[in-house]
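Trainee: Got a structure here, written out as structure tokens. Questions coming.
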Amino acid sequence: MTTIDQRRRQVVILAAFISLLLIFAADALSPIDGAVAVLYTGVVLMVAPLGRRFILAAGYISAVLTATAFLWGHANDLVSGALLRFAVSLVAILITVLLSLRDRSARVTLAEQGRILELSHDTVVIRDPSGVVRYWNEGAARLYGWTRGEAIGRQCDDLLQGIVPVEEINQSLRRTGAWSGEIVRTRRDGTPLVLATRWLQRRDPEGRPIGVIETSADLTERRRAQAEQRRSEHRFSTIFNSGGFAALECDLSGAMRLVLAAGTGEELAPAVRAYPQLLDKAADEIRIYNANTAALVMFEAETTADLSSGKVLRGSKQDTGWALETIFTQLAAGAMLVETEARFATLSGQPIDAVLRLSVLPDGVDWSRVLLMAFDVTERNRARAKIEQTSVELAHAGRVSVLGQLAASIAHEVNQPLAAIINYGKSGKRWLTRAEPDLVEVADCLDKIVSNGNRAADVVGRVRSLARKSAPQAGPVDLAALVQDAAALLARETRSAGTAIRIDQNGRLPQVECDRVQVQQVVVNLMMNALQATRGAGSSSEIRVSLDGTADDAIVVAVRDSGTGIAGDPHRIFDPFFSTKPDGMGLGLSICKTIIEAQGGSISASNNVGPGATVAFTLPRKASAEAAGARRLIS
Ligand code: ADP
């Protein structure tokens with residue numbers, strides 16, 4: 001309560017007190033023969049605004065004073081007119097007290113209602129029949145920008161212009177006494193507002209219209225948000241339908257529940273692998289509720305309903321496992337985006353390869369809204385398979401070409417042990433046909449025959465393994481033995497070039513995971529080139545093949561010669577069809593490069609500081625998954 005209110009209260013109390021004294025004095029002491037005590041009702045009315053307690057106190061004191069004055073002046077005259085006046089006065093005081101109490105409680109109720117209106121966030125505006133504002137709550141002041149002081153007494157339509165269906169509202173007010181709907185009003189600063197409004201007709205006790213109560217809630221923000229949502233949904237559906245790639249909206253929540261029941265965290269993947277039927281059941285639980293035209297075309301479906309069960313996403317097993325297994329385990333681990341490749345069957349059973357990209361949409365974190373985009377890579381994979389096939393054939397052709405160049409040497413390598421076998425056979429026979437056969441010599445001849453037979457078989461075996469046209473196979477390979485074999489294959493070439501191949505080993509050489517035949521093809525190619533360059537330079541210096549196992553991650557094989565050196569840019573020698581030889585094809589090193597890179601290694605060439613060149617390649621100690629993929633490419 002403010003100080004001014006307190007002061008006013010004190011003044012009222014003082015005035016009431018003085019009035020009580022004056023009325024009592026007039027009643028008790030003056031000779032006036034009237035119902036002076038009725039004046040006490042004025043005191044009750046005076047203190048009525050101060051509250052219930054004051055009304056009761058004023059009434060009580062008035063009654064006591066009236067009685068006192070009556071007894072004082074008329075104690076001996078109880079049946080005269082004075083008694084009647086006394087009774088009338090008491091009744092008047094009582095009625096005034098009761099009416100004041102009722103009026104007080106009505107005021108309290110009204111004040112509370114007024115406070116409630118103030119608390120409301122909505123606007124409340126009360127107008128009289130001529131449209132003049134009579135009440136304007138805080139909400140109205142906040143929203144419309146006019147203060148209560150500015151608004152009250154002004155024409156409502158002057159303050160709040162806008163689009164209001166006046167005719168329709170008036171009709172409804174006449175008919176039902178109320179109207180509700182959406183209107184547009186303009187704020188003080190000119191901003192338009194969309195309002196959800198309710199109008200109520202006010203009537204007096206006789207039923208005559210005395211104005212309108214208008215309450216409104218601001219819908220501007222909601223409408224703007226709805227419009228933005230519509231625009232964003234429109235954008236999404238435009239991208240969804242005309243993005244040119246297959247897009248499906250799926251509900252994976254049921255499938256995920258099933259999968260998570262089998263295990264969580266690190267247990268999940270083994271659980272799924274141990275129970276493959278789980279993927280079938282989970283695929284059944286996938287719901288596809290929206291599919292764009294590209295998706296329908298991809299799966300050869302007519303409508304989304306044809307795809308509604310996610311069975312179509314079951315797919316078949318790939319080198320990398322089941323696509324659904326990857327998807328479920330990654331989603332379970334909290335991934336919001338999963339990418340994987342899968343092979344599906346269309347509804348008519350045609351196989352399709354697709355790269356899948358699953359994104360969990362923000363309003364579907366329980367996996368109930370997942371956007372699945374599928375890029376058809378069937379054609380790409382077919383083309384890739386063709387390239388792989390061509391690469392195999394090219395690599396094989398390269399090997400056959402090398403063997404063709406070595407034909408004379410190979411024939412010689414086989415011929416030598418054969419000639420030896422024949423000679424040892426003849427001399428064995430001679431030792432046998434002597435008068436006294438020398439069995440020890442015969443046995444020695446037979447041993448020589450066997451060892452020469454083995455030598456010839458080794459040569460044939462090496463040639464066969466290089467000539468073989470088989471699917472590439474990665475396995476543990478002893479690189480030192482592989483290099484020895486390659487050198488043996490070129491033994492005669494080396495001799496006729498008047499040189500030698502020296503093999504050095506530095507560090508421990510573990511077995512390397514690679515394709516033996518292809519790597520041997522590379523080593524033979526590099527040795528052949530080195531021999532040709534050595535011969536071309538008229539040099540007789542030896543060719544050094546070094547195997548270096550000292551690096552942590554790779555084994556390095558380098559073939560160093562003292563030949564002509566590489567003419568021009570050394571990197572160019574790996575380009576297809578680059579050759580400086582009159583009868584050269586220029587494909588050998590380009591095939592070598594493809595082979596080595598497919599094994600996860602690299603190949604390079606450089607001229608030596610002295611004469612000749614060095615061509616070196618690396619092979620990783622451990623085959624990586626990437627290299628395994630690349631190996632598939634070359635193979
Ligand atoms: P080709 O042997 O049919 O020419 P390659 O791809 O094996 O095809 O070699 C391409 C070219 O690289 C050769 O013609 C040669 O000019 C050059 N070259 C390769 N190895 C050496 C080397 N050790 N010394 C000098 N030049 C080399």
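Chain lettering (A, B, ...) mirrors the order of the structure tokens, residue numbering begins at 1 for each chain separately, and ligand numbering begins at 1 in order of display.
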With only C-alpha atoms and all ligand atoms counted and 6 Å as the cut-off, give the residues of chain A in contact with ligand 1, each with its shortest interatomic distance in Å and the pair that gives it, as CSV.
Mentor:
```
residue,atom,partner,partner_atom_place_in_ligand_line,distance
A:Asn529,CA,ligand 1,20 (N),4.6
A:Ala530,CA,ligand 1,23 (N),4.1
A:Ala533,CA,ligand 1,24 (N),4.9
A:Thr564,CA,ligand 1,25 (C),5.6
A:Gly565,CA,ligand 1,25 (C),4.3
A:Ile566,CA,ligand 1,25 (C),4.0
A:Ile573,CA,ligand 1,12 (O),4.2
A:Phe578,CA,ligand 1,10 (C),5.3
A:Ser579,CA,ligand 1,14 (O),3.3
A:Thr580,CA,ligand 1,14 (O),3.9
A:Lys581,CA,ligand 1,14 (O),4.9
A:Gly584,CA,ligand 1,3 (O),3.5
A:Met585,CA,ligand 1,3 (O),3.9
A:Gly586,CA,ligand 1,8 (O),3.3
A:Leu587,CA,ligand 1,6 (O),4.5
A:Gly588,CA,ligand 1,6 (O),3.8
A:Leu589,CA,ligand 1,6 (O),3.6
A:Ser590,CA,ligand 1,6 (O),5.7
A:Ala613,CA,ligand 1,24 (N),5.2
```
Trainee: Near segment 246-259 of chain A, within 6 Å and counting only C-alpha atoms, which residues show up once chain neighbours fewer than 3 positions away are dropped, as a ChimeraX atom specification?
Mentor: /A:262,282,285-292,294-295,367-374
Trainee: I'd like to know which of A:Leu337, A:Val88, A:Leu278, A:Ala196 is closest to Asp122 of chain A, using only C-alpha atoms.
Mentor: A:Ala196
Trainee: I need the strand (DSSP E or B) residues of segment 503-537 of chain A per DSSP on the backbone, written as a list in words.
Mentor: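 DSSP-assigned strand (DSSP E or B) residues in segment 503-537 of chain A: Ile503, Asp504, Gln505, Asn506, Val512, Glu513 and Cys514 of chain A.
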Trainee: For the residues selected in the previous step, produce a file with C-alpha atoms as a PDB file, in the first residue's frame.
Mentor:
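After the write, part_22.pdb holds the following:
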```pdb
ATOM      1  CA  ILE A 503      71.159 -60.365 -55.151  1.00  0.00           C
ATOM      2  CA  ASP A 504      71.697 -58.482 -51.875  1.00  0.00           C
ATOM      3  CA  GLN A 505      69.515 -58.614 -48.843  1.00  0.00           C
ATOM      4  CA  ASN A 506      69.397 -55.941 -46.178  1.00  0.00           C
ATOM      5  CA  VAL A 512      54.770 -60.578 -48.015  1.00  0.00           C
ATOM      6  CA  GLU A 513      51.078 -60.951 -48.754  1.00  0.00           C
ATOM      7  CA  CYS A 514      50.853 -60.547 -52.546  1.00  0.00           C
TER       8      CYS A 514
END
```
Trainee: Please identify which residues in segment 349-492 of chain A DSSP calls helix (DSSP H, G or I) from the backbone, and express them as JSON, numbers by chain.
Mentor: {"A": [362, 363, 364, 378, 379, 380, 381, 382, 383, 384, 385, 386, 387, 388, 389, 390, 391, 392, 393, 394, 395, 396, 397, 398, 399, 400, 401, 402, 403, 404, 405, 407, 408, 409, 410, 411, 412, 413, 414, 415, 416, 417, 418, 419, 420, 421, 422, 423, 424, 425, 426, 427, 428, 429, 430, 431, 432, 433, 439, 440, 441, 442, 443, 444, 445, 446, 447, 448, 449, 450, 451, 452, 453, 454, 455, 456, 457, 458, 459, 460, 461, 462, 463, 464, 465, 466, 467, 479, 480, 481, 482, 483, 484, 485, 486, 487, 488, 489, 491, 492]}
Trainee: Between A:Ala558, A:Leu29, A:Val377, A:Ile23, which residue has the minimum interatomic distance to Ala354 of chain A, considering only C-alpha atoms?
Mentor: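 Of A:Ala558, A:Leu29, A:Val377, A:Ile23, the one nearest Ala354 of chain A, counting only C-alpha atoms, is A:Val377.
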Trainee: Near Ala554 of chain A, counting only C-alpha atoms, which residues have an atom at most 7 Å away, once you skip same-chain residues fewer than 3 positions from it, shown as a PyMOL selection string?
Mentor: chain A and resi 551+618-621
Trainee: Residues as selected, N, CA, C and O atoms, written as a short mmCIF file (atom, residue, chain, number, x, y, z; two decimals), in the first residue's frame, can you do that?
Mentor:
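Resulting contents of out32.cif:
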```cif
data_model
loop_
_atom_site.label_atom_id
_atom_site.label_comp_id
_atom_site.auth_asym_id
_atom_site.auth_seq_id
_atom_site.Cartn_x
_atom_site.Cartn_y
_atom_site.Cartn_z
N ALA A 551 62.77 -50.95 -43.60
CA ALA A 551 61.69 -49.98 -43.33
C ALA A 551 60.57 -50.67 -42.55
O ALA A 551 60.38 -51.88 -42.67
N THR A 618 58.01 -50.92 -54.08
CA THR A 618 57.78 -51.28 -52.68
C THR A 618 56.54 -52.16 -52.59
O THR A 618 55.65 -52.07 -53.43
N LEU A 619 56.52 -52.97 -51.55
CA LEU A 619 55.31 -53.75 -51.25
C LEU A 619 55.04 -53.60 -49.76
O LEU A 619 55.98 -53.68 -48.96
N PRO A 620 53.79 -53.32 -49.39
CA PRO A 620 53.53 -53.14 -47.95
C PRO A 620 53.75 -54.44 -47.19
O PRO A 620 53.49 -55.51 -47.70
N ARG A 621 54.26 -54.28 -45.95
CA ARG A 621 54.49 -55.48 -45.13
C ARG A 621 53.16 -56.18 -44.86
O ARG A 621 53.07 -57.37 -44.84
#
```
Trainee: Do you know which residues are at most 10 Å from segment 607-611 of chain A counting only C-alpha atoms, after dropping those on the same chain fewer than 4 positions away, and could you put them as an mmCIF file with N, CA, C and O atoms, in the first residue's frame?
Mentor:
```
data_model
loop_
_atom_site.group_PDB
_atom_site.id
_atom_site.type_symbol
_atom_site.label_atom_id
_atom_site.label_comp_id
_atom_site.auth_asym_id
_atom_site.auth_seq_id
_atom_site.Cartn_x
_atom_site.Cartn_y
_atom_site.Cartn_z
ATOM 1 N N THR A 534 72.069 -52.814 -70.155
ATOM 2 C CA THR A 534 73.490 -53.134 -69.928
ATOM 3 C C THR A 534 74.150 -53.516 -71.258
ATOM 4 O O THR A 534 75.228 -53.031 -71.599
ATOM 5 N N ALA A 537 74.657 -50.629 -73.547
ATOM 6 C CA ALA A 537 75.768 -49.735 -73.201
ATOM 7 C C ALA A 537 77.106 -50.430 -73.389
ATOM 8 O O ALA A 537 78.164 -49.835 -73.145
ATOM 9 N N SER A 539 78.243 -52.634 -71.570
ATOM 10 C CA SER A 539 78.863 -52.772 -70.240
ATOM 11 C C SER A 539 78.830 -54.229 -69.803
ATOM 12 O O SER A 539 78.023 -55.028 -70.284
ATOM 13 N N ARG A 560 69.247 -52.356 -60.048
ATOM 14 C CA ARG A 560 70.181 -51.281 -60.450
ATOM 15 C C ARG A 560 71.131 -51.825 -61.510
ATOM 16 O O ARG A 560 71.716 -52.899 -61.345
ATOM 17 N N ASP A 561 71.248 -51.086 -62.595
ATOM 18 C CA ASP A 561 72.175 -51.530 -63.650
ATOM 19 C C ASP A 561 73.165 -50.420 -63.974
ATOM 20 O O ASP A 561 73.040 -49.302 -63.472
ATOM 21 N N SER A 562 74.112 -50.764 -64.809
ATOM 22 C CA SER A 562 75.093 -49.753 -65.252
ATOM 23 C C SER A 562 74.972 -49.588 -66.761
ATOM 24 O O SER A 562 75.971 -49.504 -67.476
ATOM 25 N N GLY A 563 73.743 -49.591 -67.228
ATOM 26 C CA GLY A 563 73.487 -49.550 -68.669
ATOM 27 C C GLY A 563 73.429 -48.145 -69.233
ATOM 28 O O GLY A 563 74.116 -47.228 -68.753
ATOM 29 N N THR A 564 72.549 -48.008 -70.199
ATOM 30 C CA THR A 564 72.460 -46.746 -70.952
ATOM 31 C C THR A 564 71.892 -45.586 -70.126
ATOM 32 O O THR A 564 72.073 -44.419 -70.465
ATOM 33 N N GLY A 565 71.183 -45.938 -69.084
ATOM 34 C CA GLY A 565 70.442 -44.901 -68.343
ATOM 35 C C GLY A 565 69.150 -44.586 -69.087
ATOM 36 O O GLY A 565 68.980 -44.967 -70.252
ATOM 37 N N ILE A 566 68.231 -43.909 -68.406
ATOM 38 C CA ILE A 566 66.918 -43.630 -69.018
ATOM 39 C C ILE A 566 67.006 -42.320 -69.796
ATOM 40 O O ILE A 566 67.455 -41.305 -69.253
ATOM 41 N N ALA A 567 66.548 -42.389 -71.046
ATOM 42 C CA ALA A 567 66.587 -41.173 -71.865
ATOM 43 C C ALA A 567 65.392 -40.296 -71.506
ATOM 44 O O ALA A 567 64.255 -40.773 -71.485
ATOM 45 N N GLY A 568 65.623 -39.074 -71.171
ATOM 46 C CA GLY A 568 64.519 -38.138 -70.863
ATOM 47 C C GLY A 568 64.008 -38.321 -69.442
ATOM 48 O O GLY A 568 64.726 -38.781 -68.547
ATOM 49 N N ASP A 569 62.733 -37.948 -69.261
ATOM 50 C CA ASP A 569 62.118 -37.974 -67.921
ATOM 51 C C ASP A 569 61.915 -39.422 -67.459
ATOM 52 O O ASP A 569 61.154 -40.173 -68.088
ATOM 53 N N PRO A 570 62.561 -39.833 -66.357
ATOM 54 C CA PRO A 570 62.435 -41.238 -65.924
ATOM 55 C C PRO A 570 60.990 -41.669 -65.656
ATOM 56 O O PRO A 570 60.658 -42.840 -65.807
ATOM 57 N N VAL A 615 65.447 -49.023 -61.076
ATOM 58 C CA VAL A 615 63.986 -49.054 -61.001
ATOM 59 C C VAL A 615 63.652 -49.828 -59.722
ATOM 60 O O VAL A 615 64.164 -50.934 -59.518
#
```
Trainee: Atom CA of Phe240 of chain A to atom CA of Phe344 of chain A: how many Å, to one decimal?
Mentor: 21.3 Å
Trainee: Need the shell around Pro209 of chain A: protein/DNA/RNA residues with any atom at most 12 Å away, counting only C-alpha atoms. Skip same-chain ones fewer than 3 positions apart. Format as a ChimeraX atom specification?
Mentor: /A:127-130,170,173-174,177,200-206,212-213
Trainee: For the residues in the current selection, export N, CA and C atoms as an mmCIF file, in the first residue's frame.
Mentor:
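So part_8.cif came out as:
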```
data_model
loop_
_atom_site.group_PDB
_atom_site.id
_atom_site.type_symbol
_atom_site.label_atom_id
_atom_site.label_comp_id
_atom_site.auth_asym_id
_atom_site.auth_seq_id
_atom_site.Cartn_x
_atom_site.Cartn_y
_atom_site.Cartn_z
ATOM 1 N N ARG A 127 -15.240 -2.358 -25.909
ATOM 2 C CA ARG A 127 -15.692 -1.150 -26.615
ATOM 3 C C ARG A 127 -17.157 -0.900 -26.289
ATOM 4 N N ASP A 128 -17.536 0.365 -26.310
ATOM 5 C CA ASP A 128 -18.959 0.665 -26.130
ATOM 6 C C ASP A 128 -19.647 0.580 -27.497
ATOM 7 N N PRO A 129 -20.987 0.747 -27.548
ATOM 8 C CA PRO A 129 -21.679 0.539 -28.826
ATOM 9 C C PRO A 129 -21.173 1.462 -29.933
ATOM 10 N N SER A 130 -20.604 2.597 -29.583
ATOM 11 C CA SER A 130 -20.128 3.488 -30.646
ATOM 12 C C SER A 130 -18.685 3.190 -31.033
ATOM 13 N N ASN A 170 -20.993 -8.767 -37.271
ATOM 14 C CA ASN A 170 -22.228 -8.176 -36.734
ATOM 15 C C ASN A 170 -23.383 -9.154 -36.795
ATOM 16 N N LEU A 173 -22.903 -11.685 -34.104
ATOM 17 C CA LEU A 173 -23.156 -11.116 -32.776
ATOM 18 C C LEU A 173 -24.651 -10.993 -32.528
ATOM 19 N N ARG A 174 -25.360 -10.594 -33.593
ATOM 20 C CA ARG A 174 -26.825 -10.455 -33.430
ATOM 21 C C ARG A 174 -27.460 -11.820 -33.180
ATOM 22 N N GLY A 177 -24.543 -13.787 -30.311
ATOM 23 C CA GLY A 177 -23.905 -13.006 -29.254
ATOM 24 C C GLY A 177 -22.391 -13.179 -29.241
ATOM 25 N N LEU A 200 -17.365 -10.902 -28.081
ATOM 26 C CA LEU A 200 -18.560 -11.228 -27.283
ATOM 27 C C LEU A 200 -19.424 -9.969 -27.160
ATOM 28 N N GLN A 201 -20.723 -10.119 -27.377
ATOM 29 C CA GLN A 201 -21.647 -8.981 -27.260
ATOM 30 C C GLN A 201 -21.928 -8.730 -25.784
ATOM 31 N N ARG A 202 -21.734 -7.498 -25.322
ATOM 32 C CA ARG A 202 -22.106 -7.159 -23.931
ATOM 33 C C ARG A 202 -23.545 -6.643 -23.939
ATOM 34 N N ARG A 203 -24.312 -7.044 -22.953
ATOM 35 C CA ARG A 203 -25.705 -6.572 -22.875
ATOM 36 C C ARG A 203 -25.994 -6.090 -21.462
ATOM 37 N N ASP A 204 -26.925 -5.129 -21.339
ATOM 38 C CA ASP A 204 -27.332 -4.699 -19.998
ATOM 39 C C ASP A 204 -28.407 -5.644 -19.486
ATOM 40 N N PRO A 205 -28.812 -5.482 -18.219
ATOM 41 C CA PRO A 205 -29.793 -6.441 -17.671
ATOM 42 C C PRO A 205 -31.058 -6.545 -18.496
ATOM 43 N N GLU A 206 -31.396 -5.505 -19.256
ATOM 44 C CA GLU A 206 -32.609 -5.572 -20.092
ATOM 45 C C GLU A 206 -32.318 -6.217 -21.435
ATOM 46 N N VAL A 212 -18.865 -4.364 -27.002
ATOM 47 C CA VAL A 212 -18.272 -5.649 -27.407
ATOM 48 C C VAL A 212 -16.981 -5.877 -26.626
ATOM 49 N N ILE A 213 -16.765 -7.148 -26.236
ATOM 50 C CA ILE A 213 -15.458 -7.520 -25.657
ATOM 51 C C ILE A 213 -14.708 -8.277 -26.753
#
```
Trainee: Gln520 of chain A: which residues within 12 Å, counting only C-alpha atoms, same-chain residues fewer than 6 positions away excluded, as a ChimeraX atom specification?
Mentor: /A:395,399,402,462-463,465-467,477-489,514,526-527,557,592,595-596
Trainee: Would you mind reading off the distance between atom CA of Val108 of chain A and atom CA of Thr123 of chain A, one decimal, in Å?
Mentor: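 Answer for the atom CA of Val108 of chain A to atom CA of Thr123 of chain A separation: 22.5 Å.
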Trainee: Check the smallest atom-to-atom distance from each of A:Gly398, A:Gly601, A:Gly263, A:Pro351 to Ala616 of chain A using only C-alpha atoms, then report the winner.
Mentor: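 Nearest to Ala616 of chain A: A:Gly601.
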Trainee: Excluding Glu168 of chain A and residues on its chain fewer than 4 positions from it, collect all residues at most 12 Å away from it, counting only C-alpha atoms, and give them as a VMD selection string.
Mentor: chain A and resid 164 172 to 176 178 to 181 183 199
Trainee: Okay, now the selection with all heavy atoms, as a compact mmCIF listing (two decimals), in the first residue's frame?
Mentor:
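Result file again.txt:
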```
# COMPACT_ATOMS: atom_id res chain seq x y z
N VAL A 164 -11.05 -6.79 -41.30
CA VAL A 164 -12.00 -7.37 -40.35
C VAL A 164 -13.33 -7.56 -41.08
O VAL A 164 -13.87 -6.60 -41.64
CB VAL A 164 -12.20 -6.43 -39.14
CG1 VAL A 164 -13.15 -7.05 -38.12
CG2 VAL A 164 -10.87 -6.10 -38.48
N SER A 172 -23.23 -12.40 -36.78
CA SER A 172 -23.03 -13.45 -35.79
C SER A 172 -23.32 -12.94 -34.38
O SER A 172 -23.92 -13.64 -33.56
CB SER A 172 -21.60 -13.98 -35.90
OG SER A 172 -21.36 -14.90 -34.89
N LEU A 173 -22.90 -11.69 -34.10
CA LEU A 173 -23.16 -11.12 -32.78
C LEU A 173 -24.65 -10.99 -32.53
O LEU A 173 -25.14 -11.28 -31.43
CB LEU A 173 -22.50 -9.74 -32.64
CG LEU A 173 -20.97 -9.72 -32.54
CD1 LEU A 173 -20.46 -8.30 -32.41
CD2 LEU A 173 -20.49 -10.55 -31.34
N ARG A 174 -25.36 -10.59 -33.59
CA ARG A 174 -26.82 -10.45 -33.43
C ARG A 174 -27.46 -11.82 -33.18
O ARG A 174 -28.31 -11.99 -32.35
CB ARG A 174 -27.44 -9.82 -34.70
CG ARG A 174 -27.40 -8.28 -34.65
CD ARG A 174 -28.34 -7.68 -35.68
NE ARG A 174 -27.97 -8.01 -37.03
CZ ARG A 174 -27.05 -7.35 -37.74
NH1 ARG A 174 -26.41 -6.33 -37.20
NH2 ARG A 174 -26.77 -7.71 -38.96
N ARG A 175 -26.97 -12.81 -33.94
CA ARG A 175 -27.59 -14.14 -33.86
C ARG A 175 -27.21 -14.89 -32.59
O ARG A 175 -28.05 -15.38 -31.86
CB ARG A 175 -27.15 -14.94 -35.08
CG ARG A 175 -28.33 -15.53 -35.84
CD ARG A 175 -27.98 -16.44 -37.00
NE ARG A 175 -26.64 -16.94 -37.03
CZ ARG A 175 -25.69 -16.48 -37.85
NH1 ARG A 175 -25.97 -15.50 -38.68
NH2 ARG A 175 -24.48 -16.98 -37.83
N THR A 176 -25.91 -14.96 -32.34
CA THR A 176 -25.45 -15.82 -31.24
C THR A 176 -24.81 -15.06 -30.10
O THR A 176 -24.49 -15.63 -29.06
CB THR A 176 -24.42 -16.84 -31.76
OG1 THR A 176 -23.28 -16.08 -32.22
CG2 THR A 176 -24.94 -17.68 -32.89
N ALA A 178 -21.84 -13.94 -30.20
CA ALA A 178 -20.39 -14.16 -30.20
C ALA A 178 -19.91 -14.39 -31.63
O ALA A 178 -20.70 -14.71 -32.53
CB ALA A 178 -20.03 -15.37 -29.34
N TRP A 179 -18.61 -14.18 -31.83
CA TRP A 179 -18.00 -14.50 -33.13
C TRP A 179 -16.54 -14.86 -32.88
O TRP A 179 -15.89 -14.29 -32.01
CB TRP A 179 -18.06 -13.29 -34.07
CG TRP A 179 -17.37 -13.56 -35.40
CD1 TRP A 179 -17.90 -14.15 -36.49
CD2 TRP A 179 -16.01 -13.25 -35.74
NE1 TRP A 179 -16.99 -14.26 -37.49
CE2 TRP A 179 -15.80 -13.70 -37.06
CE3 TRP A 179 -14.94 -12.65 -35.07
CZ2 TRP A 179 -14.58 -13.57 -37.72
CZ3 TRP A 179 -13.73 -12.51 -35.73
CH2 TRP A 179 -13.56 -12.97 -37.04
N SER A 180 -16.03 -15.85 -33.60
CA SER A 180 -14.59 -16.10 -33.49
C SER A 180 -14.03 -16.42 -34.87
O SER A 180 -14.74 -16.98 -35.72
CB SER A 180 -14.30 -17.22 -32.51
OG SER A 180 -15.01 -18.36 -32.88
N GLY A 181 -12.80 -16.05 -35.07
CA GLY A 181 -12.16 -16.28 -36.37
C GLY A 181 -10.83 -15.58 -36.43
O GLY A 181 -10.32 -15.10 -35.42
N ILE A 183 -8.46 -12.53 -37.92
CA ILE A 183 -8.50 -11.20 -38.55
C ILE A 183 -7.06 -10.68 -38.65
O ILE A 183 -6.16 -11.24 -38.03
CB ILE A 183 -9.36 -10.20 -37.75
CG1 ILE A 183 -8.79 -10.03 -36.32
CG2 ILE A 183 -10.80 -10.61 -37.70
CD1 ILE A 183 -9.48 -8.92 -35.54
N TRP A 199 -15.07 -12.36 -30.32
CA TRP A 199 -15.86 -11.18 -29.94
C TRP A 199 -17.07 -11.64 -29.15
O TRP A 199 -17.71 -12.62 -29.52
CB TRP A 199 -16.34 -10.41 -31.18
CG TRP A 199 -15.26 -9.76 -32.00
CD1 TRP A 199 -14.01 -10.23 -32.19
CD2 TRP A 199 -15.37 -8.54 -32.73
NE1 TRP A 199 -13.31 -9.39 -32.99
CE2 TRP A 199 -14.12 -8.34 -33.34
CE3 TRP A 199 -16.38 -7.61 -32.91
CZ2 TRP A 199 -13.87 -7.24 -34.14
CZ3 TRP A 199 -16.12 -6.52 -33.72
CH2 TRP A 199 -14.86 -6.31 -34.32
```
Trainee: For Pro270 of chain A, which residue among A:Leu418, A:Val44, A:Glu325, A:Ile95 is the nearest when counting only C-alpha atoms?
Mentor: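 Among the listed residues, A:Glu325 lies closest to Pro270 of chain A.
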